[in-house]
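Data file: target_26.cif. Format and content: mmCIF, C-alpha atoms and all ligand atoms.
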data_data
loop_
_atom_site.label_atom_id
_atom_site.label_comp_id
_atom_site.auth_asym_id
_atom_site.auth_seq_id
_atom_site.Cartn_x
_atom_site.Cartn_y
_atom_site.Cartn_z
CA MET A 16 116.02 104.60 114.93
CA ARG A 17 115.51 108.12 113.51
CA CYS A 18 116.08 106.65 110.06
CA CYS A 19 113.39 104.00 110.57
CA GLN A 20 110.98 106.54 112.02
CA SER A 21 111.11 108.79 108.97
CA HIS A 22 110.59 105.83 106.64
CA VAL A 23 107.72 104.38 108.59
CA ILE A 24 106.01 107.77 108.69
CA SER A 25 106.00 108.00 104.88
CA SER A 26 104.50 104.49 104.63
CA VAL A 27 101.74 105.32 107.07
CA LYS A 28 101.05 108.63 105.31
CA CYS A 29 100.58 106.82 102.01
CA LEU A 30 98.21 104.43 103.70
CA LEU A 31 96.16 107.19 105.30
CA ARG A 32 95.96 109.11 102.04
CA ARG A 33 94.41 106.09 100.33
CA ARG A 34 92.08 105.45 103.24
CA ASP A 35 90.77 109.00 102.92
CA LEU A 36 90.15 108.33 99.25
CA CYS A 37 88.32 105.14 100.17
CA ARG A 38 86.18 107.00 102.67
CA HIS A 39 85.46 109.66 100.08
CA ALA A 40 84.49 106.98 97.58
CA SER A 41 82.10 105.34 100.00
CA ASN A 42 80.35 108.61 100.82
CA PHE A 43 79.01 109.22 97.40
CA THR A 44 75.27 109.48 96.81
CA VAL A 45 72.98 107.82 94.29
CA GLY A 46 73.84 109.02 90.87
CA SER A 47 71.46 110.35 88.32
CA LYS A 48 73.77 108.80 85.73
CA VAL A 49 72.65 105.24 86.49
CA THR A 50 71.01 104.37 83.19
CA PRO A 51 67.53 102.83 83.00
CA LYS A 52 69.20 99.63 81.74
CA GLN A 53 71.49 99.52 84.79
CA ARG A 54 68.55 100.19 87.09
CA GLU A 55 66.57 97.44 85.46
CA LEU A 56 69.50 95.00 85.74
CA MET A 57 69.89 95.76 89.42
CA GLY A 58 66.21 95.71 90.28
CA ARG A 59 65.46 92.03 89.83
CA GLY A 60 65.03 89.60 92.74
CA LEU A 61 67.43 87.24 94.54
CA PRO A 62 67.87 83.58 93.57
CA LYS A 63 68.64 80.61 95.81
CA LYS A 64 72.17 79.25 96.33
CA GLU A 65 73.47 77.97 93.01
CA PRO A 66 76.89 77.51 91.45
CA LEU A 67 78.11 80.08 88.95
CA PRO A 68 78.23 78.37 85.56
CA GLY A 69 81.81 77.65 84.50
CA VAL A 70 83.34 78.83 87.80
CA LYS A 71 85.10 76.05 89.70
CA ASN A 72 86.14 77.61 93.00
CA ILE A 73 84.81 80.70 94.78
CA ILE A 74 86.95 82.15 97.56
CA LEU A 75 86.11 85.07 99.86
CA ILE A 76 88.75 87.58 100.93
CA SER A 77 87.24 89.06 104.01
CA SER A 78 87.62 90.86 107.33
CA ALA A 79 85.02 92.35 109.57
CA LYS A 80 87.16 95.47 109.90
CA GLY A 81 87.56 98.16 107.24
CA GLY A 82 90.86 99.31 105.80
CA VAL A 83 92.99 96.34 106.86
CA GLY A 84 94.04 95.48 103.31
CA LYS A 85 91.39 93.10 101.88
CA SER A 86 91.39 94.64 98.42
CA THR A 87 95.19 94.90 98.28
CA THR A 88 95.44 91.26 99.36
CA THR A 89 92.76 90.21 96.85
CA VAL A 90 94.52 91.67 93.81
CA ASN A 91 98.00 90.51 94.76
CA VAL A 92 96.84 86.99 95.63
CA ALA A 93 94.72 86.86 92.44
CA LEU A 94 97.71 87.88 90.31
CA ALA A 95 100.00 85.46 92.13
CA LEU A 96 97.44 82.70 91.49
CA ALA A 97 97.08 83.63 87.82
CA ASN A 98 100.87 83.43 87.42
CA HIS A 99 101.12 80.06 89.15
CA GLU A 100 102.80 77.34 87.05
CA ASP A 101 99.43 75.66 86.37
CA THR A 102 98.21 78.99 84.88
CA PRO A 103 94.72 78.79 86.35
CA LYS A 104 92.07 81.19 85.07
CA VAL A 105 91.35 83.76 87.77
CA GLY A 106 88.67 86.39 88.29
CA ILE A 107 87.89 89.04 90.90
CA LEU A 108 84.43 90.12 91.98
CA ASP A 109 84.43 93.43 93.85
CA ALA A 110 81.56 92.96 96.31
CA ASP A 111 82.13 96.38 97.85
CA VAL A 112 79.15 98.10 96.26
CA PHE A 113 79.60 101.34 98.24
CA GLY A 114 83.36 101.73 97.94
CA PRO A 115 84.63 99.70 94.99
CA SER A 116 88.46 99.50 94.89
CA ILE A 117 89.14 96.98 92.15
CA PRO A 118 88.91 99.40 89.18
CA LYS A 119 91.73 101.49 90.62
CA LEU A 120 93.84 98.62 91.92
CA MET A 121 93.58 96.74 88.61
CA ASN A 122 93.82 99.90 86.49
CA LEU A 123 90.50 99.26 84.79
CA SER A 124 87.71 101.59 83.76
CA GLY A 125 84.75 101.72 81.42
CA ASN A 126 81.45 99.94 81.10
CA PRO A 127 81.17 96.22 80.48
CA ALA A 128 79.96 95.15 77.04
CA LEU A 129 76.97 92.81 76.87
CA THR A 130 77.19 89.34 75.34
CA HIS A 131 74.53 88.11 72.91
CA ASP A 132 72.77 86.41 75.85
CA ASN A 133 72.79 89.65 77.83
CA LEU A 134 75.59 88.87 80.27
CA MET A 135 78.09 91.57 81.21
CA GLU A 136 81.61 90.90 79.91
CA PRO A 137 84.11 91.24 82.77
CA LEU A 138 86.84 93.82 82.22
CA ILE A 139 90.27 92.17 81.98
CA ASN A 140 93.72 93.36 82.97
CA TYR A 141 96.88 91.37 83.66
CA GLY A 142 94.91 88.29 82.52
CA VAL A 143 92.37 88.55 85.36
CA LYS A 144 88.66 89.01 84.72
CA CYS A 145 87.12 91.66 86.99
CA MET A 146 83.63 92.91 87.77
CA SER A 147 82.86 95.85 90.02
CA MET A 148 80.15 98.37 90.75
CA GLY A 149 82.81 100.89 89.74
CA PHE A 150 82.32 99.80 86.11
CA LEU A 151 78.60 100.53 86.26
CA VAL A 152 78.45 103.91 87.99
CA ASP A 153 80.82 106.85 87.78
CA GLU A 154 83.46 107.13 90.48
CA ASP A 155 82.11 110.31 92.04
CA GLU A 156 78.53 109.25 91.94
CA ALA A 157 76.30 106.80 93.37
CA ILE A 158 74.93 105.07 96.20
CA VAL A 159 72.52 105.43 99.06
CA TRP A 160 70.70 102.29 98.09
CA ARG A 161 68.66 100.43 100.64
CA GLY A 162 69.27 96.74 101.43
CA PRO A 163 67.20 95.11 98.66
CA MET A 164 68.79 97.26 95.95
CA VAL A 165 72.26 96.43 97.23
CA MET A 166 71.46 92.72 97.27
CA SER A 167 70.03 92.96 93.80
CA ALA A 168 73.08 94.85 92.52
CA LEU A 169 75.33 92.21 94.06
CA GLN A 170 73.38 89.48 92.44
CA LYS A 171 73.75 91.14 89.04
CA LEU A 172 77.47 91.65 89.57
CA THR A 173 77.74 87.98 90.42
CA ARG A 174 75.37 86.17 88.09
CA ASN A 175 74.82 88.42 85.10
CA VAL A 176 78.47 88.19 84.19
CA ALA A 177 80.20 86.05 81.55
CA TRP A 178 82.75 84.61 84.01
CA SER A 179 83.14 81.21 82.38
CA PRO A 180 85.60 79.56 82.28
CA LEU A 181 87.26 80.33 85.63
CA ASP A 182 89.24 78.14 87.99
CA TYR A 183 89.18 80.66 90.83
CA LEU A 184 86.89 83.59 91.53
CA LEU A 185 88.13 85.73 94.42
CA ILE A 186 85.51 87.91 96.05
CA ASP A 187 86.82 91.14 97.57
CA MET A 188 84.34 91.56 100.43
CA PRO A 189 83.21 94.85 101.93
CA PRO A 190 84.00 95.36 105.63
CA GLY A 191 81.56 94.06 108.25
CA THR A 192 79.51 91.00 109.04
CA GLY A 193 76.19 92.30 107.76
CA ASP A 194 73.64 91.59 105.05
CA THR A 195 76.10 91.59 102.15
CA GLN A 196 78.33 88.99 103.77
CA LEU A 197 75.42 86.77 104.70
CA SER A 198 73.76 87.08 101.30
CA ILE A 199 76.92 86.08 99.49
CA THR A 200 77.30 83.02 101.66
CA GLN A 201 73.66 82.18 101.00
CA LEU A 202 73.74 82.80 97.25
CA LEU A 203 76.97 81.06 96.28
CA PRO A 204 78.78 77.80 97.00
CA ILE A 205 81.93 79.10 98.69
CA LYS A 206 85.06 76.92 98.92
CA GLY A 207 86.53 78.95 101.74
CA ALA A 208 87.24 82.33 103.29
CA VAL A 209 90.60 84.01 103.77
CA ILE A 210 90.54 86.39 106.74
CA VAL A 211 92.71 89.49 106.50
CA THR A 212 93.69 91.27 109.69
CA THR A 213 96.27 93.70 111.00
CA PRO A 214 98.02 93.00 114.30
CA GLN A 215 96.12 95.57 116.40
CA ASP A 216 93.75 94.24 119.06
CA VAL A 217 90.69 95.92 117.53
CA ALA A 218 91.36 94.34 114.15
CA LEU A 219 91.96 90.96 115.75
CA LEU A 220 88.65 91.19 117.63
CA ASP A 221 86.86 91.87 114.35
CA ALA A 222 88.76 89.05 112.64
CA ARG A 223 87.53 86.71 115.37
CA ARG A 224 83.95 87.89 114.77
CA GLY A 225 84.36 87.31 111.04
CA ILE A 226 85.70 83.79 111.51
CA GLU A 227 82.88 82.93 113.90
CA MET A 228 80.28 84.25 111.45
CA TYR A 229 81.64 82.16 108.56
CA ARG A 230 81.79 79.06 110.73
CA LYS A 231 78.13 79.57 111.67
CA VAL A 232 77.18 79.43 108.00
CA ASN A 233 79.51 76.49 107.31
CA ILE A 234 82.09 78.31 105.21
CA PRO A 235 85.55 76.74 105.74
CA ILE A 236 88.22 79.17 106.95
CA LEU A 237 91.28 78.77 104.74
CA GLY A 238 93.42 80.83 107.11
CA ILE A 239 94.51 84.28 108.21
CA VAL A 240 96.63 86.80 106.33
CA GLN A 241 98.33 89.11 108.79
CA ASN A 242 98.76 92.37 106.89
CA MET A 243 101.09 95.16 108.02
CA SER A 244 102.55 92.61 110.41
CA HIS A 245 105.93 94.32 110.64
CA TYR A 246 108.00 97.09 109.16
CA THR A 247 111.50 96.70 107.79
CA CYS A 248 113.42 99.93 107.28
CA PRO A 249 114.62 100.01 103.66
CA LYS A 250 117.82 101.81 104.75
CA CYS A 251 119.12 100.02 107.82
CA HIS A 252 116.93 96.86 107.51
CA HIS A 253 115.86 97.12 111.13
CA THR A 254 112.54 95.29 111.61
CA GLU A 255 109.89 96.45 114.01
CA HIS A 256 106.44 95.09 114.89
CA ILE A 257 104.92 98.55 115.06
CA PHE A 258 101.31 97.38 115.45
CA GLY A 259 102.09 94.63 117.97
CA ASN A 260 103.30 91.09 117.79
CA ASN A 261 101.87 87.56 117.97
CA GLY A 262 98.19 88.58 118.13
CA ALA A 263 97.28 86.83 114.89
CA MET A 264 99.24 83.75 115.94
CA LYS A 265 97.25 83.58 119.17
CA LEU A 266 93.99 84.11 117.26
CA SER A 267 94.84 81.32 114.84
CA ARG A 268 95.61 78.98 117.74
CA ASP A 269 92.45 79.96 119.65
CA LEU A 270 90.25 79.40 116.60
CA ASP A 271 92.13 76.41 115.25
CA THR A 272 93.08 77.93 111.94
CA GLU A 273 96.43 78.82 110.37
CA ILE A 274 98.37 81.92 109.38
CA LEU A 275 98.65 81.84 105.59
CA GLY A 276 101.28 84.56 105.59
CA ASN A 277 102.58 87.83 106.96
CA ILE A 278 102.74 90.91 104.75
CA PRO A 279 104.85 93.85 105.95
CA LEU A 280 103.69 97.44 106.15
CA ASP A 281 105.45 98.64 103.06
CA LEU A 282 105.44 101.88 101.12
CA GLN A 283 105.85 100.11 97.78
CA ILE A 284 102.77 97.92 98.33
CA CYS A 285 100.77 101.11 98.86
CA GLU A 286 102.35 103.08 96.02
CA TYR A 287 102.07 100.36 93.39
CA SER A 288 98.47 99.75 94.47
CA ASP A 289 97.74 103.43 93.86
CA LYS A 290 99.26 103.12 90.38
CA GLY A 291 97.08 100.14 89.49
CA PHE A 292 100.21 98.00 89.03
CA PRO A 293 100.19 95.61 92.01
CA ILE A 294 103.52 94.77 93.59
CA VAL A 295 103.33 91.09 92.62
CA LEU A 296 103.71 92.25 88.99
CA SER A 297 105.66 95.46 89.41
CA LYS A 298 108.31 94.02 91.78
CA PRO A 299 108.02 90.26 91.29
CA ASN A 300 111.38 89.59 92.93
CA SER A 301 110.64 91.49 96.15
CA PRO A 302 110.14 89.61 99.42
CA GLN A 303 106.64 91.12 99.61
CA SER A 304 105.73 89.48 96.30
CA SER A 305 107.17 86.15 97.48
CA SER A 306 104.89 86.35 100.51
CA TYR A 307 101.84 86.87 98.30
CA ARG A 308 102.94 83.94 96.10
CA GLU A 309 103.36 81.69 99.14
CA ILE A 310 99.90 82.66 100.37
CA SER A 311 98.39 81.88 96.98
CA SER A 312 100.15 78.50 96.79
CA THR A 313 98.85 77.56 100.24
CA ILE A 314 95.33 78.58 99.20
CA LEU A 315 95.68 76.46 96.05
CA SER A 316 96.77 73.39 97.97
CA LYS A 317 94.02 73.81 100.59
CA ILE A 318 91.33 74.18 97.94
CA THR A 319 92.64 71.13 96.10
CA LEU A 320 92.66 69.13 99.35
CA ASN A 321 89.10 70.21 100.25
CA SER A 322 87.73 69.44 96.76
N1 LIG B 1 100.92 95.83 103.51
C1 LIG B 1 100.63 97.09 103.25
N2 LIG B 1 101.58 98.07 103.35
C2 LIG B 1 101.28 99.35 103.11
N3 LIG B 1 100.08 99.79 102.76
C3 LIG B 1 99.10 98.87 102.65
C4 LIG B 1 99.32 97.49 102.88
N4 LIG B 1 98.15 96.83 102.67
C5 LIG B 1 97.25 97.76 102.35
N5 LIG B 1 97.81 98.98 102.34
C6 LIG B 1 97.16 100.27 102.07
O1 LIG B 1 96.15 100.41 103.07
C7 LIG B 1 95.00 101.05 102.53
C8 LIG B 1 93.78 100.15 102.73
O2 LIG B 1 93.96 98.97 101.98
P1 LIG B 1 92.74 98.26 101.25
O3 LIG B 1 91.96 99.23 100.46
O4 LIG B 1 93.31 97.06 100.58
O5 LIG B 1 91.92 97.81 102.54
P2 LIG B 1 90.45 97.20 102.62
O6 LIG B 1 90.44 96.29 103.80
O7 LIG B 1 90.07 96.62 101.32
O8 LIG B 1 89.62 98.50 102.90
P3 LIG B 1 88.00 98.64 102.87
O9 LIG B 1 87.51 98.03 104.14
O10 LIG B 1 87.80 100.13 102.78
O11 LIG B 1 87.52 97.89 101.66
C9 LIG B 1 95.36 101.31 101.08
O12 LIG B 1 95.88 102.59 101.01
C10 LIG B 1 96.44 100.28 100.75
O13 LIG B 1 97.30 100.71 99.70
MG MG B 2 88.41 97.02 100.10
ZN ZN B 3 116.34 102.58 109.50
#
Turn this file's structure into structure tokens for me.
Amino acid sequence: MRCCQSHVISSVKCLLRRRDLCRHASNFTVGSKVTPKQRELMGRGLPKKEPLPGVKNIILISSAKGGVGKSTTTVNVALALANHEDTPKVGILDADVFGPSIPKLMNLSGNPALTHDNLMEPLINYGVKCMSMGFLVDEDEAIVWRGPMVMSALQKLTRNVAWSPLDYLLIDMPPGTGDTQLSITQLLPIKGAVIVTTPQDVALLDARRGIEMYRKVNIPILGIVQNMSHYTCPKCHHTEHIFGNNGAMKLSRDLDTEILGNIPLDLQICEYSDKGFPIVLSKPNSPQSSSYREISSTILSKITLNS
């Protein structure tokens, strides 16, 4: 047991370190370095719900609660999808305007180029097209925007981007069930939402709220990813459900949805995320990567069935 305790402590420390970084990132204030062009791009109004040209399927990766692993799940599922035998074209939209994570997780930086028709070119790594507020404002700058500016920025990040052609666009949602979430569901035809939760009761309560919100606006729930569901000691292979057991299973039964997969609390997931080299690529033969691949295959088959 002592062996497992020391290992689990290092995993949780890694996780907390990154969460502090996330909090730091989301505390930044509006930057003077937003160029007039960027301001102009973000200042235009909102359209009505319309498909994104050339994008076949839009999927939300969501949870009402912060820090449960949405962004980590988004990148690993996106990369698993992109490496599926059908080699679909995959993109990621980072809808977390206040605390963008995708640049770091996908090891991308820099400003998007503009196409001849004034669309922003997504930045690409590992074959996945990405767009994020982090490409438009400096990391330590930015954002005390009020609602309309946020909505406008989101709309630019969504529509003023040369996404086409894409089979799947995964949207890494910010935490909560507020304006951003509702706007996205109102602006875009969404094929379904994946709900990420951890096994703690508070996270499960928020997951329930999230599922209920999406159902109210007629977004199909593709299923639940239970993140940090268990911990397996790398030394003695003892497995422990350190954040509780069976909560997500009960939630899925109560709300008539399914568990898409369980991802362990794992130091390597955290460390490779920090390096911008997600575990699905860096350790493709690990059980963690197999879990992400299974989740992505289930999502694929559900989307195909619903289409
Ligand atoms: N299965 C896991 N094992 C270990 N660490 C993990 C796991 N999943 C996520 N993490 C770590 O937990 C932290 C939070 O993850 P992430 O940023 O993906 O959460 P989030 O839900 O997107 O957060 P936010 O609400 O701030 O957007 C990060 O440090 C990440 O590396
Ligand atoms: Mg996130
Ligand atoms: Zn052990």
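Every protein, DNA or RNA residue with an atom at most 9 Å from Gln215 of chain A, where only C-alpha atoms count and chain neighbours fewer than 3 positions away do not, is listed here: Thr212, Ala218, Leu219, Leu220, Phe258, Gly259, Asn260, Gly262 and Ala263 of chain A.
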_Excluding Ile117 of chain A and its own-chain neighbours fewer than 3 positions away, which residues fall within 12 Å of it when counting only C-alpha atoms? Please give them as a PyMOL selection string._
chain A and resi 37+85-91+93+106-112+114+120-124+138-140+143-150+154+185-189+288-293
Residue subset to file, keeping C-alpha atoms, as a compact mmCIF listing (two decimals), keeping the file's coordinate frame:
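New file again.txt:
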# COMPACT_ATOMS: atom_id res chain seq x y z
CA CYS A 37 88.32 105.14 100.17
CA LYS A 85 91.39 93.10 101.88
CA SER A 86 91.39 94.64 98.42
CA THR A 87 95.19 94.90 98.28
CA THR A 88 95.44 91.26 99.36
CA THR A 89 92.76 90.21 96.85
CA VAL A 90 94.52 91.67 93.81
CA ASN A 91 98.00 90.51 94.76
CA ALA A 93 94.72 86.86 92.44
CA GLY A 106 88.67 86.39 88.29
CA ILE A 107 87.89 89.04 90.90
CA LEU A 108 84.43 90.12 91.98
CA ASP A 109 84.43 93.43 93.85
CA ALA A 110 81.56 92.96 96.31
CA ASP A 111 82.13 96.38 97.85
CA VAL A 112 79.15 98.10 96.26
CA GLY A 114 83.36 101.73 97.94
CA LEU A 120 93.84 98.62 91.92
CA MET A 121 93.58 96.74 88.61
CA ASN A 122 93.82 99.90 86.49
CA LEU A 123 90.50 99.26 84.79
CA SER A 124 87.71 101.59 83.76
CA LEU A 138 86.84 93.82 82.22
CA ILE A 139 90.27 92.17 81.98
CA ASN A 140 93.72 93.36 82.97
CA VAL A 143 92.37 88.55 85.36
CA LYS A 144 88.66 89.01 84.72
CA CYS A 145 87.12 91.66 86.99
CA MET A 146 83.63 92.91 87.77
CA SER A 147 82.86 95.85 90.02
CA MET A 148 80.15 98.37 90.75
CA GLY A 149 82.81 100.89 89.74
CA PHE A 150 82.32 99.80 86.11
CA GLU A 154 83.46 107.13 90.48
CA LEU A 185 88.13 85.73 94.42
CA ILE A 186 85.51 87.91 96.05
CA ASP A 187 86.82 91.14 97.57
CA MET A 188 84.34 91.56 100.43
CA PRO A 189 83.21 94.85 101.93
CA SER A 288 98.47 99.75 94.47
CA ASP A 289 97.74 103.43 93.86
CA LYS A 290 99.26 103.12 90.38
CA GLY A 291 97.08 100.14 89.49
CA PHE A 292 100.21 98.00 89.03
CA PRO A 293 100.19 95.61 92.01
Hey, which bits of chain A sit within 6 Å of ligand LIG 1 (chain B), and for each residue what's the closest pair of atoms and how far apart in Å (one decimal), counting all atoms listed in the file, rows by chain and increasing number, as a Markdown table?
| residue | atom | partner | partner_atom | distance |
| --- | --- | --- | --- | --- |
| A:Leu30 | CA | B:LIG1 | O12 | 4.0 |
| A:Arg33 | CA | B:LIG1 | O12 | 3.9 |
| A:Arg34 | CA | B:LIG1 | O12 | 5.3 |
| A:Cys37 | CA | B:LIG1 | O10 | 5.7 |
| A:Gly81 | CA | B:LIG1 | O9 | 3.1 |
| A:Gly82 | CA | B:LIG1 | O8 | 3.3 |
| A:Val83 | CA | B:LIG1 | O6 | 4.0 |
| A:Gly84 | CA | B:LIG1 | O4 | 3.2 |
| A:Lys85 | CA | B:LIG1 | O7 | 3.8 |
| A:Ser86 | CA | B:LIG1 | O7 | 3.8 |
| A:Thr87 | CA | B:LIG1 | O4 | 3.7 |
| A:Pro189 | CA | B:LIG1 | O11 | 5.3 |
| A:Pro190 | CA | B:LIG1 | O9 | 4.7 |
| A:Asn242 | CA | B:LIG1 | N1 | 5.3 |
| A:Met243 | CA | B:LIG1 | N1 | 4.6 |
| A:Ile278 | CA | B:LIG1 | N1 | 5.4 |
| A:Pro279 | CA | B:LIG1 | N1 | 5.0 |
| A:Leu280 | CA | B:LIG1 | N2 | 3.6 |
| A:Asp281 | CA | B:LIG1 | N2 | 3.9 |
| A:Leu282 | CA | B:LIG1 | C2 | 5.3 |
| A:Ile284 | CA | B:LIG1 | N2 | 5.2 |
| A:Cys285 | CA | B:LIG1 | O13 | 3.6 |
| A:Ser288 | CA | B:LIG1 | O13 | 5.4 |
Kindly provide the residues of segment 119-234 of chain A that approach segment 314-318 of chain A to within 12 Å, each paired with its closest atom pair and their distance in Å to one decimal, based on all atoms listed in the file, listed by chain and increasing number, as a Markdown table.
| residue | atom | partner | partner_atom | distance |
| --- | --- | --- | --- | --- |
| A:Asp182 | CA | A:Leu315 | CA | 10.5 |
| A:Tyr183 | CA | A:Leu315 | CA | 9.3 |
| A:Leu185 | CA | A:Ile314 | CA | 11.2 |
| A:Ile205 | CA | A:Ile318 | CA | 10.6 |
| A:Lys206 | CA | A:Ile318 | CA | 6.9 |
| A:Gly207 | CA | A:Ile318 | CA | 7.8 |
| A:Ala208 | CA | A:Ile314 | CA | 9.8 |
| A:Val209 | CA | A:Ile314 | CA | 8.5 |
| A:Ile210 | CA | A:Ile314 | CA | 11.9 |
*At what distance in Å, to one decimal, does atom CA of Gln170 of chain A lie from atom CA of Asn233 of chain A?*
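Answer for the atom CA of Asn233 of chain A to atom CA of Gln170 of chain A separation: 20.7 Å.
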